[in-house]
>>> print(open('input.tsv').read())   # TSV, C-alpha atoms
chain	number	residue	atom	x	y	z
S	1	MET	CA	-8.13	39.17	-27.82
S	2	ARG	CA	-10.82	40.52	-25.52
S	3	THR	CA	-10.54	40.18	-21.75
S	4	GLU	CA	-13.28	39.90	-19.15
S	5	SER	CA	-12.96	39.76	-15.37
S	6	PHE	CA	-14.85	37.75	-12.72
S	7	ASP	CA	-14.41	36.81	-9.11
S	8	ALA	CA	-14.64	33.12	-10.08
S	9	VAL	CA	-14.64	31.09	-13.29
S	10	VAL	CA	-15.92	27.51	-13.16
S	11	ILE	CA	-14.81	25.08	-15.87
S	12	GLY	CA	-17.64	22.59	-16.44
S	13	GLY	CA	-21.42	22.73	-16.05
S	14	GLY	CA	-22.06	19.29	-14.56
S	15	PRO	CA	-23.25	18.67	-10.99
S	16	ALA	CA	-19.88	19.61	-9.48
S	17	GLY	CA	-19.43	22.80	-11.47
S	18	SER	CA	-23.00	24.03	-11.09
S	19	THR	CA	-23.00	23.33	-7.35
S	20	ALA	CA	-19.73	25.18	-6.84
S	21	ALA	CA	-20.96	28.10	-8.96
S	22	ALA	CA	-24.25	28.29	-7.06
S	23	GLY	CA	-22.40	28.46	-3.75
S	24	ILE	CA	-19.92	31.11	-4.88
S	25	ALA	CA	-22.42	33.27	-6.75
S	26	GLY	CA	-24.83	32.98	-3.82
S	27	GLY	CA	-22.24	34.83	-1.75
S	28	GLY	CA	-22.49	37.81	-4.06
S	29	PHE	CA	-19.41	37.10	-6.19
S	30	SER	CA	-19.41	37.40	-9.98
S	31	THR	CA	-19.21	33.86	-11.33
S	32	LEU	CA	-18.91	32.47	-14.85
S	33	ILE	CA	-19.63	28.83	-15.80
S	34	LEU	CA	-17.94	27.56	-18.97
S	35	GLU	CA	-19.51	24.42	-20.49
S	36	LYS	CA	-17.99	23.12	-23.71
S	37	ARG	CA	-21.14	21.25	-24.79
S	38	ASP	CA	-24.11	23.01	-26.34
S	39	ARG	CA	-26.56	21.48	-23.85
S	40	ILE	CA	-26.25	21.00	-20.12
S	41	GLY	CA	-26.47	17.31	-19.20
S	42	PHE	CA	-26.28	16.00	-22.76
S	43	PRO	CA	-25.16	13.53	-23.87
S	44	VAL	CA	-25.85	11.43	-20.78
S	45	ARG	CA	-22.91	9.27	-19.78
S	46	CYS	CA	-23.99	8.01	-16.39
S	47	ALA	CA	-25.84	5.13	-14.71
S	48	GLU	CA	-27.94	7.89	-13.04
S	49	ALA	CA	-28.18	6.33	-9.56
S	50	ILE	CA	-27.84	8.45	-6.42
S	51	GLY	CA	-28.04	7.31	-2.85
S	52	PRO	CA	-28.39	6.61	-0.04
S	53	ALA	CA	-31.53	8.74	-0.09
S	54	SER	CA	-30.80	10.24	3.34
S	55	VAL	CA	-27.44	11.54	2.09
S	56	ALA	CA	-28.97	12.83	-1.15
S	57	ARG	CA	-31.58	14.84	0.75
S	58	ARG	CA	-28.85	16.50	2.84
S	59	HIS	CA	-27.19	17.94	-0.24
S	60	ILE	CA	-29.97	18.58	-2.77
S	61	GLU	CA	-33.72	19.13	-3.00
S	62	ILE	CA	-35.19	15.93	-4.43
S	63	ARG	CA	-37.83	16.84	-7.01
S	64	GLY	CA	-40.16	14.59	-8.94
S	65	ASP	CA	-39.40	16.25	-12.27
S	66	PHE	CA	-35.92	14.72	-12.43
S	67	VAL	CA	-36.49	11.45	-10.52
S	68	SER	CA	-37.15	8.56	-12.93
S	69	ALA	CA	-37.58	5.89	-10.24
S	70	THR	CA	-37.21	5.29	-6.54
S	71	VAL	CA	-34.91	2.43	-5.55
S	72	ASP	CA	-36.49	0.09	-3.02
S	73	GLY	CA	-33.71	-2.38	-2.39
S	74	LEU	CA	-30.40	-3.96	-3.26
S	75	ARG	CA	-29.63	-7.14	-5.17
S	76	ILE	CA	-26.09	-8.55	-5.57
S	77	VAL	CA	-25.68	-11.44	-8.00
S	78	ALA	CA	-22.72	-13.85	-8.08
S	79	PRO	CA	-21.34	-15.52	-11.23
S	80	ASP	CA	-23.37	-18.69	-10.50
S	81	LYS	CA	-26.50	-16.53	-9.89
S	82	THR	CA	-26.37	-16.89	-6.11
S	83	THR	CA	-28.14	-13.74	-4.95
S	84	TYR	CA	-28.12	-11.48	-1.92
S	85	GLU	CA	-31.21	-9.27	-1.53
S	86	LYS	CA	-32.13	-6.53	0.90
S	87	SER	CA	-35.45	-4.68	0.80
S	88	MET	CA	-35.09	-0.98	1.65
S	89	PRO	CA	-38.07	0.99	0.31
S	90	GLY	CA	-37.10	4.49	-0.75
S	91	SER	CA	-33.38	3.96	-0.18
S	92	GLY	CA	-32.18	5.69	-3.36
S	93	TYR	CA	-33.11	7.28	-6.65
S	94	ILE	CA	-32.52	6.87	-10.37
S	95	VAL	CA	-32.53	10.34	-11.89
S	96	ASP	CA	-32.83	11.73	-15.39
S	97	ARG	CA	-29.33	13.20	-15.62
S	98	GLU	CA	-30.15	15.75	-18.27
S	99	LEU	CA	-33.04	17.18	-16.21
S	100	PHE	CA	-31.02	16.80	-12.99
S	101	ASP	CA	-28.01	18.65	-14.39
S	102	ARG	CA	-30.20	21.36	-15.87
S	103	ARG	CA	-31.88	21.90	-12.50
S	104	LEU	CA	-28.51	22.36	-10.77
S	105	ALA	CA	-27.39	24.76	-13.51
S	106	ASP	CA	-30.66	26.70	-13.13
S	107	ILE	CA	-29.98	27.06	-9.41
S	108	ALA	CA	-26.53	28.47	-10.16
S	109	VAL	CA	-28.02	30.99	-12.59
S	110	GLU	CA	-30.78	31.90	-10.12
S	111	ASN	CA	-28.02	32.58	-7.57
S	112	GLY	CA	-26.38	35.02	-9.98
S	113	ALA	CA	-23.93	32.93	-12.01
S	114	GLU	CA	-23.56	33.44	-15.76
S	115	LEU	CA	-23.69	30.24	-17.84
S	116	ARG	CA	-22.06	29.99	-21.27
S	117	THR	CA	-22.55	26.76	-23.22
S	118	GLY	CA	-20.39	25.99	-26.22
S	119	HIS	CA	-17.44	27.74	-24.55
S	120	GLN	CA	-14.37	25.55	-23.99
S	121	ALA	CA	-11.49	26.25	-21.61
S	122	THR	CA	-8.22	25.79	-23.53
S	123	ASP	CA	-5.68	26.69	-20.83
S	124	LEU	CA	-5.19	28.42	-17.52
S	125	ILE	CA	-3.78	31.92	-17.29
S	126	ARG	CA	-0.92	32.36	-14.82
S	127	LYS	CA	0.35	35.60	-13.39
S	128	ASN	CA	2.97	36.05	-10.66
S	129	GLY	CA	3.14	32.30	-10.02
S	130	ARG	CA	-0.60	31.78	-9.53
S	131	VAL	CA	-3.67	30.86	-11.56
S	132	ALA	CA	-5.33	34.07	-12.67
S	133	GLY	CA	-7.98	33.01	-15.16
S	134	VAL	CA	-8.88	30.87	-18.16
S	135	ARG	CA	-8.28	31.07	-21.89
S	136	VAL	CA	-11.56	30.28	-23.65
S	137	ARG	CA	-12.73	29.41	-27.14
S	138	ASP	CA	-16.27	30.30	-28.20
S	139	LEU	CA	-16.90	27.22	-30.35
S	140	ALA	CA	-19.81	28.65	-32.33
S	141	ARG	CA	-17.91	31.77	-33.36
S	142	ASN	CA	-14.45	30.16	-33.32
S	143	GLU	CA	-13.21	33.10	-31.28
S	144	GLU	CA	-10.84	33.15	-28.32
S	145	TYR	CA	-10.95	35.38	-25.27
S	146	GLU	CA	-9.57	35.56	-21.73
S	147	ALA	CA	-11.69	35.25	-18.60
S	148	LEU	CA	-9.64	36.59	-15.70
S	149	ALA	CA	-10.60	35.37	-12.23
S	150	ARG	CA	-9.51	35.60	-8.64
S	151	VAL	CA	-10.30	31.87	-8.35
S	152	VAL	CA	-10.75	29.20	-11.01
S	153	VAL	CA	-12.74	26.04	-10.19
S	154	GLY	CA	-11.85	22.97	-12.26
S	155	ALA	CA	-14.95	20.80	-12.67
S	156	ASP	CA	-14.18	19.39	-16.11
S	157	GLY	CA	-14.98	15.76	-15.35
S	158	VAL	CA	-13.37	12.47	-16.34
S	159	GLU	CA	-11.65	14.10	-19.33
S	160	SER	CA	-10.28	16.88	-17.15
S	161	LEU	CA	-7.27	18.90	-18.18
S	162	SER	CA	-7.44	21.82	-15.77
S	163	PRO	CA	-5.98	19.93	-12.74
S	164	ARG	CA	-3.04	18.96	-14.95
S	165	TRP	CA	-2.62	22.55	-16.13
S	166	ALA	CA	-2.59	23.51	-12.44
S	167	SER	CA	0.05	20.81	-11.70
S	168	LEU	CA	-2.23	19.00	-9.22
S	169	LYS	CA	-2.69	15.86	-11.31
S	170	GLY	CA	-0.75	13.75	-13.76
S	171	GLY	CA	-2.06	11.52	-16.49
S	172	CYS	CA	-4.19	8.52	-15.49
S	173	SER	CA	-2.99	4.98	-16.10
S	174	PRO	CA	-5.37	2.65	-18.00
S	175	GLY	CA	-6.27	0.87	-14.76
S	176	ASP	CA	-7.37	4.14	-13.14
S	177	ILE	CA	-10.38	4.52	-15.44
S	178	LEU	CA	-13.03	1.86	-15.90
S	179	SER	CA	-14.21	1.47	-19.47
S	180	CYS	CA	-18.01	1.60	-19.37
S	181	ALA	CA	-20.92	0.86	-21.68
S	182	GLN	CA	-24.64	1.09	-20.99
S	183	GLU	CA	-27.97	0.63	-22.77
S	184	LEU	CA	-31.31	2.11	-21.78
S	185	VAL	CA	-33.59	-0.86	-22.40
S	186	GLU	CA	-37.34	-1.45	-22.34
S	187	GLY	CA	-39.20	-4.71	-21.78
S	188	ILE	CA	-37.14	-5.83	-18.79
S	189	ASP	CA	-38.17	-7.08	-15.36
S	190	VAL	CA	-36.52	-5.48	-12.32
S	191	PRO	CA	-38.35	-7.19	-9.47
S	192	GLY	CA	-39.10	-4.93	-6.54
S	193	ARG	CA	-37.35	-1.97	-8.21
S	194	PHE	CA	-34.11	-3.24	-6.72
S	195	ALA	CA	-30.74	-1.93	-7.90
S	196	GLU	CA	-28.85	-4.95	-9.20
S	197	PHE	CA	-25.08	-5.44	-9.08
S	198	HIS	CA	-23.66	-8.42	-10.96
S	199	LEU	CA	-20.15	-9.59	-10.08
S	200	GLY	CA	-17.69	-11.89	-11.78
S	201	HIS	CA	-14.50	-11.83	-13.82
S	202	ARG	CA	-16.12	-13.44	-16.86
S	203	LEU	CA	-18.94	-10.90	-16.79
S	204	ALA	CA	-17.01	-7.69	-16.02
S	205	PRO	CA	-13.28	-8.17	-15.30
S	206	GLY	CA	-12.00	-5.68	-12.77
S	207	GLY	CA	-15.46	-4.17	-12.29
S	208	TYR	CA	-19.15	-5.08	-12.21
S	209	ALA	CA	-22.40	-4.90	-14.17
S	210	TRP	CA	-25.56	-3.13	-13.10
S	211	VAL	CA	-29.30	-3.02	-13.74
S	212	PHE	CA	-30.91	0.17	-12.41
S	213	PRO	CA	-34.70	0.59	-12.77
S	214	LYS	CA	-35.71	3.66	-14.77
S	215	GLY	CA	-39.48	3.15	-14.84
S	216	PRO	CA	-42.11	0.51	-15.68
S	217	ARG	CA	-40.17	-2.32	-17.36
S	218	SER	CA	-37.26	-0.06	-18.30
S	219	ALA	CA	-33.75	0.11	-16.88
S	220	ASN	CA	-30.20	1.28	-17.38
S	221	VAL	CA	-28.20	-1.90	-18.03
S	222	GLY	CA	-24.46	-1.45	-18.13
S	223	LEU	CA	-21.04	-2.45	-16.90
S	224	GLY	CA	-17.58	-1.16	-16.22
S	225	ILE	CA	-14.39	-3.14	-16.84
S	226	ASN	CA	-10.72	-2.68	-16.16
S	227	PRO	CA	-9.24	-2.53	-19.69
S	228	LEU	CA	-6.02	-4.11	-18.42
S	229	GLU	CA	-7.95	-7.28	-17.52
S	230	SER	CA	-10.33	-7.52	-20.47
S	231	GLY	CA	-8.24	-9.72	-22.77
S	232	GLY	CA	-8.71	-7.26	-25.60
S	233	MET	CA	-12.52	-7.26	-25.46
S	234	THR	CA	-14.28	-3.92	-25.36
S	235	ALA	CA	-16.84	-2.85	-22.78
S	236	VAL	CA	-19.49	-2.90	-25.53
S	237	ALA	CA	-18.66	-6.55	-26.30
S	238	PHE	CA	-19.00	-7.50	-22.63
S	239	LEU	CA	-22.28	-5.55	-22.49
S	240	GLU	CA	-23.65	-7.44	-25.50
S	241	ARG	CA	-23.05	-10.72	-23.70
S	242	PHE	CA	-24.61	-9.45	-20.47
S	243	LEU	CA	-27.70	-8.14	-22.28
S	244	ALA	CA	-28.19	-11.49	-24.01
S	245	GLU	CA	-28.12	-13.24	-20.63
S	246	ARG	CA	-30.02	-10.77	-18.43
S	247	CYS	CA	-32.67	-9.39	-20.78
S	248	PRO	CA	-32.85	-11.23	-24.11
S	249	GLY	CA	-35.28	-9.60	-26.52
S	250	ALA	CA	-35.46	-6.29	-24.66
S	251	LEU	CA	-35.71	-3.13	-26.75
S	252	ARG	CA	-32.55	-1.05	-26.75
S	253	ARG	CA	-33.14	2.68	-26.75
S	254	ARG	CA	-29.83	4.42	-26.05
S	255	LEU	CA	-26.25	3.18	-26.01
S	256	VAL	CA	-23.71	5.30	-24.14
S	257	VAL	CA	-20.02	4.64	-23.63
S	258	GLY	CA	-17.44	6.42	-21.53
S	259	GLY	CA	-15.15	6.11	-18.57
S	260	SER	CA	-15.36	6.33	-14.80
S	261	THR	CA	-12.42	7.34	-12.64
S	262	VAL	CA	-11.40	4.92	-9.89
S	263	ALA	CA	-7.99	6.46	-9.23
S	264	LYS	CA	-6.42	7.33	-5.90
S	265	ARG	CA	-7.40	10.62	-4.33
S	266	LEU	CA	-5.38	13.72	-5.12
S	267	ARG	CA	-3.07	14.72	-2.29
S	268	SER	CA	-3.86	18.37	-2.92
S	269	LEU	CA	-7.06	19.81	-4.36
S	270	ALA	CA	-5.94	23.43	-4.45
S	271	THR	CA	-3.16	25.75	-5.46
S	272	ALA	CA	-2.95	29.54	-5.54
S	273	GLY	CA	-6.05	30.74	-7.41
S	274	TYR	CA	-7.40	27.28	-8.26
S	275	VAL	CA	-9.42	24.39	-6.79
S	276	ALA	CA	-10.52	21.09	-8.39
S	277	VAL	CA	-13.87	19.40	-7.71
S	278	GLY	CA	-15.79	16.29	-8.77
S	279	GLU	CA	-14.43	13.66	-11.10
S	280	ALA	CA	-11.72	16.08	-12.20
S	281	ALA	CA	-10.45	15.78	-8.62
S	282	ASN	CA	-10.77	11.95	-8.48
S	283	GLN	CA	-13.75	12.29	-6.14
S	284	ASN	CA	-15.65	9.25	-7.42
S	285	ASN	CA	-15.96	6.38	-4.97
S	286	PRO	CA	-13.10	4.08	-6.11
S	287	LEU	CA	-15.09	0.97	-5.16
S	288	THR	CA	-18.26	1.72	-7.12
S	289	GLY	CA	-17.20	4.41	-9.58
S	290	GLY	CA	-20.24	6.45	-8.50
S	291	GLY	CA	-19.69	10.09	-7.76
S	292	ILE	CA	-22.72	12.35	-8.15
S	293	LEU	CA	-23.33	12.97	-4.46
S	294	GLU	CA	-19.61	12.96	-3.65
S	295	SER	CA	-19.05	15.63	-6.30
S	296	ILE	CA	-21.88	17.76	-4.95
S	297	ALA	CA	-20.63	17.42	-1.37
S	298	ALA	CA	-17.09	18.33	-2.42
S	299	SER	CA	-18.30	21.33	-4.41
S	300	GLN	CA	-20.27	22.63	-1.46
S	301	MET	CA	-17.12	22.35	0.67
S	302	ALA	CA	-15.04	24.08	-2.00
S	303	ALA	CA	-17.58	26.88	-2.50
S	304	SER	CA	-17.57	27.64	1.22
S	305	VAL	CA	-13.78	27.88	1.28
S	306	VAL	CA	-13.67	29.97	-1.91
S	307	ARG	CA	-16.29	32.41	-0.62
S	308	ASP	CA	-14.29	32.92	2.57
S	309	ALA	CA	-11.07	33.37	0.60
S	310	LEU	CA	-12.67	35.94	-1.69
S	311	GLU	CA	-14.12	37.82	1.24
S	312	ARG	CA	-10.66	37.99	2.86
S	313	ASP	CA	-8.97	38.67	-0.50
S	314	ASP	CA	-6.63	35.76	0.18
S	315	THR	CA	-6.74	33.12	-2.53
S	316	SER	CA	-3.31	31.71	-1.76
S	317	ALA	CA	-2.56	28.00	-1.82
S	318	LYS	CA	-2.66	27.96	1.98
S	319	SER	CA	-6.03	29.68	2.16
S	320	LEU	CA	-7.69	27.50	-0.48
S	321	GLY	CA	-5.94	24.42	0.94
S	322	ARG	CA	-8.48	24.31	3.77
S	323	TYR	CA	-10.76	22.64	1.22
S	324	THR	CA	-8.32	19.72	0.87
S	325	LYS	CA	-8.26	19.29	4.64
S	326	GLU	CA	-12.06	19.28	4.82
S	327	TRP	CA	-12.35	16.69	2.03
S	328	ASP	CA	-9.72	14.45	3.60
S	329	LYS	CA	-11.48	14.62	6.95
S	330	THR	CA	-14.89	13.66	5.56
S	331	TYR	CA	-14.21	11.45	2.52
S	332	GLY	CA	-10.60	11.31	1.38
S	333	ARG	CA	-8.98	8.86	3.78
S	334	THR	CA	-12.01	6.56	3.54
S	335	PHE	CA	-11.61	6.62	-0.23
S	336	ASP	CA	-8.02	5.42	0.20
S	337	ARG	CA	-9.36	2.27	1.86
S	338	PHE	CA	-12.04	1.87	-0.80
S	339	HIS	CA	-9.37	2.11	-3.50
S	340	ARG	CA	-7.25	-0.64	-1.99
S	341	ALA	CA	-10.25	-2.84	-1.23
S	342	ALA	CA	-11.52	-2.52	-4.82
S	343	ARG	CA	-8.26	-3.91	-6.14
S	344	VAL	CA	-8.86	-7.01	-4.00
S	345	ILE	CA	-12.63	-7.45	-4.37
S	346	TYR	CA	-12.71	-7.12	-8.15
S	347	GLY	CA	-9.84	-9.57	-8.45
S	348	ILE	CA	-11.60	-12.36	-6.53
S	349	PRO	CA	-11.89	-15.54	-8.64
S	350	ASP	CA	-15.45	-16.41	-9.64
S	351	PRO	CA	-15.67	-19.63	-7.55
S	352	VAL	CA	-14.68	-17.70	-4.40
S	353	MET	CA	-17.14	-14.93	-5.28
S	354	ASN	CA	-19.90	-17.53	-5.42
S	355	ARG	CA	-19.08	-18.66	-1.89
S	356	ILE	CA	-18.94	-15.09	-0.63
S	357	LEU	CA	-22.44	-14.42	-1.94
S	358	GLU	CA	-23.70	-17.56	-0.20
S	359	ASN	CA	-22.34	-16.22	3.08
S	360	LEU	CA	-23.68	-12.70	2.55
S	361	GLY	CA	-27.19	-14.06	3.00
S	362	ARG	CA	-26.30	-15.10	6.54
S	363	GLU	CA	-24.85	-11.73	7.47
S	364	LYS	CA	-27.22	-9.50	9.45
S	365	GLY	CA	-26.85	-5.76	9.11
S	366	LEU	CA	-24.77	-5.92	5.93
S	367	ALA	CA	-26.84	-3.25	4.16
S	368	GLY	CA	-28.95	-0.48	5.65
S	369	TRP	CA	-30.24	3.01	5.05
S	370	ALA	CA	-26.70	4.42	5.11
S	371	GLY	CA	-25.49	1.91	2.51
S	372	ILE	CA	-23.38	-1.24	2.76
S	373	ASP	CA	-21.29	-1.72	5.90
S	374	PRO	CA	-17.72	-2.45	4.71
S	375	ALA	CA	-16.74	-3.95	8.07
S	376	ARG	CA	-19.35	-6.67	7.66
S	377	ILE	CA	-18.10	-7.42	4.15
S	378	LEU	CA	-14.66	-7.97	5.67
S	379	GLY	CA	-16.24	-10.36	8.15
S	380	VAL	CA	-17.77	-12.36	5.30
S	381	LEU	CA	-14.41	-12.41	3.53
S	382	LEU	CA	-12.76	-13.71	6.69
S	383	ARG	CA	-15.16	-16.63	6.98
S	384	THR	CA	-15.04	-17.39	3.26
S	385	SER	CA	-11.35	-16.99	2.51
S	386	PRO	CA	-8.98	-16.03	5.35
S	387	SER	CA	-6.14	-15.38	2.90
S	388	LEU	CA	-8.23	-12.84	0.96
S	389	PHE	CA	-9.32	-11.26	4.23
S	390	LEU	CA	-5.70	-10.74	5.28
S	391	LYS	CA	-4.84	-9.29	1.88
S	392	THR	CA	-7.74	-6.86	2.11
S	393	LEU	CA	-6.88	-5.91	5.69
S	394	ARG	CA	-3.24	-5.19	4.81
S	395	GLY	CA	-4.36	-2.96	1.95
S	396	ALA	CA	-6.79	-1.02	4.17
S	397	LEU	CA	-4.23	-0.13	6.83
>>> encode(input="input.tsv", output="structure tokens")
Amino acid sequence: MRTESFDAVVIGGGPAGSTAAAGIAGGGFSTLILEKRDRIGFPVRCAEAIGPASVARRHIEIRGDFVSATVDGLRIVAPDKTTYEKSMPGSGYIVDRELFDRRLADIAVENGAELRTGHQATDLIRKNGRVAGVRVRDLARNEEYEALARVVVGADGVESLSPRWASLKGGCSPGDILSCAQELVEGIDVPGRFAEFHLGHRLAPGGYAWVFPKGPRSANVGLGINPLESGGMTAVAFLERFLAERCPGALRRRLVVGGSTVAKRLRSLATAGYVAVGEAANQNNPLTGGGILESIAASQMAASVVRDALERDDTSAKSLGRYTKEWDKTYGRTFDRFHRAARVIYGIPDPVMNRILENLGREKGLAGWAGIDPARILGVLLRTSPSLFLKTLRGAL
């Protein structure tokens, strides 16, 4: 078995992996990206929304070649069709994930990283009690080799194994991953190019449905459900019912199915010679399931810590653990509150949800350029159902 050596090996060529690789390689360190699929960004398994726009622009260069549509507002729809709307021109983007992912991978390569598609990580290599590289299978040639590394970055997504190999993560319970299904449809009205969120237990138990504008009369229409609350129905079956109600007769162009992690944050994101980023590290927002920008932000943090560790030749658990502290300070503890709140919000009975949406229309400042203000949602809950407010408050403490 042949052996190669690098300063860093990144498992996964999605937004998290490419961003981490770009940051590490940009510091002058030899970096290898391993992507098991033959094409970066394909197949697409994502609703493709990123925002708020101000946050997106802090982390990435927004380019017209990968932006399918600009989001100009927010629409939240209750089970009885009571609707909350907020106009916010230019507040977010719907991207073409294949082009978006390819652009991030190109940046990594431009910064000096080597990208290998069709190469799958099969295990971590350990030496002297630390992670020291990756065992790899070249899928086209059906050959195995070893890629030794001073640091390994696990960015292998919702199906991640590397954090488990590194003993940072156990198996997910069924309720920790939303089961999702989505159609790209044409011949649909999305008034005002608003991003729509549809709530209700009948519609999407334990989750929500969405309509995200992709272009003139086209949209990503999908939903995520908690499989423990679905009564045996699949996400595709729930999607069929939603499509029949929201856009009957629309042309369906692409069905995608998959999962989205809504699990609790990992208590540690690093061990000696290894860090985890993106969905592999449970860095999706547990309330929405979205995680593109969060993954990019985390990977930029991780890359900075890894570069410093490589420069000092100290890739110990303590040295790389500064990344965990930075994540906790900026996102992690907030995500704990989101996780607890999601368990309450997505369990609200449909009649109560209808009343909440009625009251949202009277709430000033609920949504703005930085997103939705969770404190104001709690205020609406308090006025609508004091008992639910107290339950939510106890979970957030």
>>> closest_residue(input="input.tsv", among="S:Gly133, S:Gly187, S:Gly206, S:Pro163", to="Val9 in chain S", atoms="all atoms listed in the file")
S:Gly133
>>> residues_around(input="input.tsv", residues="Pro89 in chain S", least_positions_apart="4", cutoff="9 Å", atoms="only C-alpha atoms", output="list in words")
Thr70, Val71, Asp72 and Gly73 of chain S
>>> closest_residue(input="input.tsv", among="S:Ile24, S:Leu199, S:Ala244, S:Ala105", to="Ile76 in chain S", atoms="all atoms listed in the file")
S:Leu199
>>> residues_around(input="input.tsv", residues="range 343-356 of chain S", least_positions_apart="5", cutoff="7 Å", atoms="all atoms listed in the file", output="count of residues only")
12
>>> residues_around(input="input.tsv", residues="Asp65 in chain S", least_positions_apart="4", cutoff="12 Å", atoms="all atoms listed in the file", output="count of residues only")
12
>>> closest_residue(input="input.tsv", among="S:Gly379, S:Gly321, S:Gly64, S:Pro248", to="Ala272 in chain S", atoms="all atoms listed in the file")
S:Gly321
